[in-house]
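Accompanying notes for the structure given below.
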Amino acid sequence: MNIMKKEVIKIISEHDYDVFNDGTLIVFGKIYTVNEHIYWDVDHYYKPSPIAGYYLPSKSSSSIESAERSMRAYLSAFSDDYIVNENY
């Protein structure tokens, strides 16, 4: 018998960031738990350089504070070459 475990998803906090400090792009982020594991995600991904692919970060964290730091670090390096995260 195959029993599927139900995932419990809970949003801890939601954030918005003016990544270029001029209002041209507001990126939304969230910190959430899935079965007590902490994750973060953003609604856009960026390319760190013209020859690189779009940077999809590792989103798991050991604490809410760590998730906040990781998300801020990711957003502080944002470039003007970005795409929408279709899974946000």
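Numbering starts fresh at 1 for the residues of each chain in the structure tokens, the chains themselves are lettered A, B, ... in the order given, and ligands are numbered from 1 as they appear.
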List as an mmCIF file with N, CA, C and O atoms, in the first residue's frame the protein and nucleic acid residues near Ser63 (chain A), meaning an atom at most 9 Å away when only C-alpha atoms are counted, but skip any in the same chain fewer than 4 places from it.
```cif
data_model
loop_
_atom_site.group_PDB
_atom_site.id
_atom_site.type_symbol
_atom_site.label_atom_id
_atom_site.label_comp_id
_atom_site.auth_asym_id
_atom_site.auth_seq_id
_atom_site.Cartn_x
_atom_site.Cartn_y
_atom_site.Cartn_z
ATOM 1 N N HIS A 37 10.563 22.285 7.784
ATOM 2 C CA HIS A 37 11.835 22.665 7.163
ATOM 3 C C HIS A 37 11.677 24.081 6.616
ATOM 4 O O HIS A 37 10.660 24.406 6.018
ATOM 5 N N ILE A 38 12.695 24.912 6.796
ATOM 6 C CA ILE A 38 12.607 26.327 6.437
ATOM 7 C C ILE A 38 13.200 26.570 5.052
ATOM 8 O O ILE A 38 14.294 26.090 4.734
ATOM 9 N N TYR A 39 12.478 27.351 4.232
ATOM 10 C CA TYR A 39 12.892 27.698 2.877
ATOM 11 C C TYR A 39 12.597 29.169 2.623
ATOM 12 O O TYR A 39 11.842 29.797 3.344
ATOM 13 N N ALA A 67 17.495 32.304 6.660
ATOM 14 C CA ALA A 67 16.734 32.482 5.423
ATOM 15 C C ALA A 67 16.673 33.956 5.041
ATOM 16 O O ALA A 67 16.860 34.311 3.870
ATOM 17 N N GLU A 68 16.426 34.822 6.018
ATOM 18 C CA GLU A 68 16.391 36.264 5.750
ATOM 19 C C GLU A 68 17.733 36.767 5.233
ATOM 20 O O GLU A 68 17.791 37.541 4.278
#
```
Expected answer as a PyMOL selection string: strand (DSSP E) residues in chain A:
chain A and resi 9-18+26-34+37-42+44-46+60-61+82-84
File dump, residues just selected, N, CA and C atoms, as a compact mmCIF listing (two decimals), in the first residue's frame:
```txt
# COMPACT_ATOMS: atom_id res chain seq x y z
N ILE A 9 2.45 23.35 4.41
CA ILE A 9 3.20 24.54 4.02
C ILE A 9 2.64 25.73 4.80
N LYS A 10 3.55 26.49 5.41
CA LYS A 10 3.15 27.66 6.19
C LYS A 10 4.05 28.83 5.82
N ILE A 11 3.46 29.93 5.38
CA ILE A 11 4.24 31.14 5.07
C ILE A 11 4.55 31.85 6.37
N ILE A 12 5.84 32.08 6.62
CA ILE A 12 6.31 32.76 7.83
C ILE A 12 6.30 34.27 7.64
N SER A 13 6.84 34.73 6.51
CA SER A 13 6.88 36.17 6.24
C SER A 13 6.98 36.41 4.74
N GLU A 14 6.53 37.58 4.32
CA GLU A 14 6.62 38.01 2.93
C GLU A 14 7.32 39.36 2.91
N HIS A 15 8.11 39.58 1.86
CA HIS A 15 8.93 40.79 1.76
C HIS A 15 8.85 41.34 0.35
N ASP A 16 9.10 42.63 0.20
CA ASP A 16 9.29 43.21 -1.12
C ASP A 16 10.55 44.06 -1.08
N TYR A 17 11.31 43.99 -2.17
CA TYR A 17 12.61 44.66 -2.26
C TYR A 17 12.68 45.48 -3.54
N ASP A 18 13.06 46.73 -3.40
CA ASP A 18 13.35 47.59 -4.54
C ASP A 18 14.82 47.34 -4.88
N ILE A 26 10.54 45.72 -8.37
CA ILE A 26 10.26 45.28 -7.02
C ILE A 26 10.21 43.75 -7.06
N VAL A 27 11.07 43.11 -6.29
CA VAL A 27 11.10 41.65 -6.21
C VAL A 27 10.43 41.24 -4.90
N PHE A 28 9.53 40.29 -5.02
CA PHE A 28 8.83 39.78 -3.85
C PHE A 28 9.48 38.49 -3.39
N GLY A 29 9.59 38.34 -2.09
CA GLY A 29 10.17 37.15 -1.51
C GLY A 29 9.32 36.64 -0.36
N LYS A 30 9.52 35.37 -0.04
CA LYS A 30 8.80 34.80 1.09
C LYS A 30 9.68 33.79 1.80
N ILE A 31 9.43 33.66 3.08
CA ILE A 31 10.06 32.63 3.90
C ILE A 31 8.93 31.73 4.36
N TYR A 32 9.14 30.44 4.21
CA TYR A 32 8.06 29.50 4.52
C TYR A 32 8.62 28.19 5.05
N THR A 33 7.75 27.39 5.62
CA THR A 33 8.14 26.06 6.08
C THR A 33 7.33 25.03 5.30
N VAL A 34 7.98 23.89 5.07
CA VAL A 34 7.32 22.71 4.52
C VAL A 34 7.65 21.59 5.48
N HIS A 37 10.56 22.28 7.78
CA HIS A 37 11.84 22.67 7.16
C HIS A 37 11.68 24.08 6.62
N ILE A 38 12.69 24.91 6.80
CA ILE A 38 12.61 26.33 6.44
C ILE A 38 13.20 26.57 5.05
N TYR A 39 12.48 27.35 4.23
CA TYR A 39 12.89 27.70 2.88
C TYR A 39 12.60 29.17 2.62
N TRP A 40 13.19 29.69 1.56
CA TRP A 40 12.86 31.04 1.08
C TRP A 40 12.81 30.98 -0.43
N ASP A 41 12.14 31.95 -1.03
CA ASP A 41 12.04 32.01 -2.48
C ASP A 41 11.75 33.45 -2.90
N VAL A 42 12.06 33.78 -4.13
CA VAL A 42 11.80 35.10 -4.70
C VAL A 42 11.08 34.93 -6.04
N HIS A 44 11.69 36.54 -8.87
CA HIS A 44 12.56 36.76 -10.03
C HIS A 44 13.93 36.15 -9.76
N TYR A 45 14.56 35.69 -10.82
CA TYR A 45 15.95 35.20 -10.75
C TYR A 45 16.80 36.07 -11.68
N TYR A 46 18.09 36.17 -11.39
CA TYR A 46 18.96 37.02 -12.20
C TYR A 46 20.16 36.24 -12.74
N SER A 60 17.07 26.32 1.00
CA SER A 60 16.83 25.77 2.34
C SER A 60 17.70 26.50 3.35
N SER A 61 17.19 26.61 4.57
CA SER A 61 17.90 27.32 5.63
C SER A 61 17.74 26.59 6.94
N TYR A 82 17.25 39.61 -15.79
CA TYR A 82 16.49 38.77 -14.87
C TYR A 82 15.27 38.17 -15.57
N ILE A 83 14.71 37.14 -14.95
CA ILE A 83 13.51 36.48 -15.46
C ILE A 83 12.53 36.29 -14.30
N VAL A 84 11.29 36.02 -14.64
CA VAL A 84 10.27 35.74 -13.64
C VAL A 84 10.39 34.28 -13.20
```
(message) DSSP on the backbone: which residues in chain A end up as helix (DSSP H, G or I)? Give the answer as a list of chain:residue names.
(response) A:Ile64, A:Glu65, A:Ser66, A:Ala67, A:Glu68, A:Arg69, A:Ser70, A:Met71, A:Arg72, A:Ala73, A:Tyr74, A:Leu75, A:Ser76
Produce a file of the selected residues containing N, CA, C and O atoms, as a PDB file, in the first residue's frame.
```pdb
ATOM      1  N   ILE A  64      15.006  30.880  10.494  1.00  0.00           N
ATOM      2  CA  ILE A  64      14.345  32.000   9.825  1.00  0.00           C
ATOM      3  C   ILE A  64      15.338  33.121   9.588  1.00  0.00           C
ATOM      4  O   ILE A  64      15.372  33.726   8.511  1.00  0.00           O
ATOM      5  N   GLU A  65      16.198  33.389  10.572  1.00  0.00           N
ATOM      6  CA  GLU A  65      17.212  34.444  10.430  1.00  0.00           C
ATOM      7  C   GLU A  65      18.174  34.129   9.294  1.00  0.00           C
ATOM      8  O   GLU A  65      18.555  35.012   8.525  1.00  0.00           O
ATOM      9  N   SER A  66      18.571  32.882   9.172  1.00  0.00           N
ATOM     10  CA  SER A  66      19.458  32.466   8.084  1.00  0.00           C
ATOM     11  C   SER A  66      18.763  32.631   6.733  1.00  0.00           C
ATOM     12  O   SER A  66      19.384  33.052   5.753  1.00  0.00           O
ATOM     13  N   ALA A  67      17.495  32.304   6.660  1.00  0.00           N
ATOM     14  CA  ALA A  67      16.734  32.482   5.423  1.00  0.00           C
ATOM     15  C   ALA A  67      16.673  33.956   5.041  1.00  0.00           C
ATOM     16  O   ALA A  67      16.860  34.311   3.870  1.00  0.00           O
ATOM     17  N   GLU A  68      16.426  34.822   6.018  1.00  0.00           N
ATOM     18  CA  GLU A  68      16.391  36.264   5.750  1.00  0.00           C
ATOM     19  C   GLU A  68      17.733  36.767   5.233  1.00  0.00           C
ATOM     20  O   GLU A  68      17.791  37.541   4.278  1.00  0.00           O
ATOM     21  N   ARG A  69      18.828  36.325   5.860  1.00  0.00           N
ATOM     22  CA  ARG A  69      20.173  36.733   5.415  1.00  0.00           C
ATOM     23  C   ARG A  69      20.453  36.238   4.003  1.00  0.00           C
ATOM     24  O   ARG A  69      20.982  36.984   3.165  1.00  0.00           O
ATOM     25  N   SER A  70      20.119  34.988   3.726  1.00  0.00           N
ATOM     26  CA  SER A  70      20.369  34.418   2.395  1.00  0.00           C
ATOM     27  C   SER A  70      19.572  35.147   1.319  1.00  0.00           C
ATOM     28  O   SER A  70      20.100  35.442   0.238  1.00  0.00           O
ATOM     29  N   MET A  71      18.323  35.452   1.617  1.00  0.00           N
ATOM     30  CA  MET A  71      17.495  36.158   0.641  1.00  0.00           C
ATOM     31  C   MET A  71      18.036  37.564   0.400  1.00  0.00           C
ATOM     32  O   MET A  71      18.147  38.009  -0.747  1.00  0.00           O
ATOM     33  N   ARG A  72      18.414  38.279   1.461  1.00  0.00           N
ATOM     34  CA  ARG A  72      18.981  39.625   1.291  1.00  0.00           C
ATOM     35  C   ARG A  72      20.293  39.579   0.497  1.00  0.00           C
ATOM     36  O   ARG A  72      20.541  40.435  -0.348  1.00  0.00           O
ATOM     37  N   ALA A  73      21.133  38.591   0.766  1.00  0.00           N
ATOM     38  CA  ALA A  73      22.398  38.462   0.032  1.00  0.00           C
ATOM     39  C   ALA A  73      22.134  38.207  -1.446  1.00  0.00           C
ATOM     40  O   ALA A  73      22.791  38.799  -2.322  1.00  0.00           O
ATOM     41  N   TYR A  74      21.186  37.336  -1.744  1.00  0.00           N
ATOM     42  CA  TYR A  74      20.829  37.056  -3.138  1.00  0.00           C
ATOM     43  C   TYR A  74      20.340  38.329  -3.826  1.00  0.00           C
ATOM     44  O   TYR A  74      20.779  38.671  -4.922  1.00  0.00           O
ATOM     45  N   LEU A  75      19.468  39.060  -3.179  1.00  0.00           N
ATOM     46  CA  LEU A  75      18.892  40.258  -3.788  1.00  0.00           C
ATOM     47  C   LEU A  75      19.888  41.411  -3.894  1.00  0.00           C
ATOM     48  O   LEU A  75      19.789  42.234  -4.793  1.00  0.00           O
ATOM     49  N   SER A  76      20.877  41.449  -3.017  1.00  0.00           N
ATOM     50  CA  SER A  76      21.859  42.540  -3.071  1.00  0.00           C
ATOM     51  C   SER A  76      22.769  42.425  -4.288  1.00  0.00           C
ATOM     52  O   SER A  76      23.371  43.413  -4.700  1.00  0.00           O
TER      53      SER A  76
END
```
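CA of Val8 (chain A) lies 27.3 Å from CA of Tyr55 (chain A).
Taking CA of Asp43 (chain A) as the reference point, CA of Lys5 (chain A) is found at 27.2 Å.
Computed from the coordinates, the CA of Phe20 (chain A) to CA of Tyr54 (chain A) distance equals 17.8 Å.
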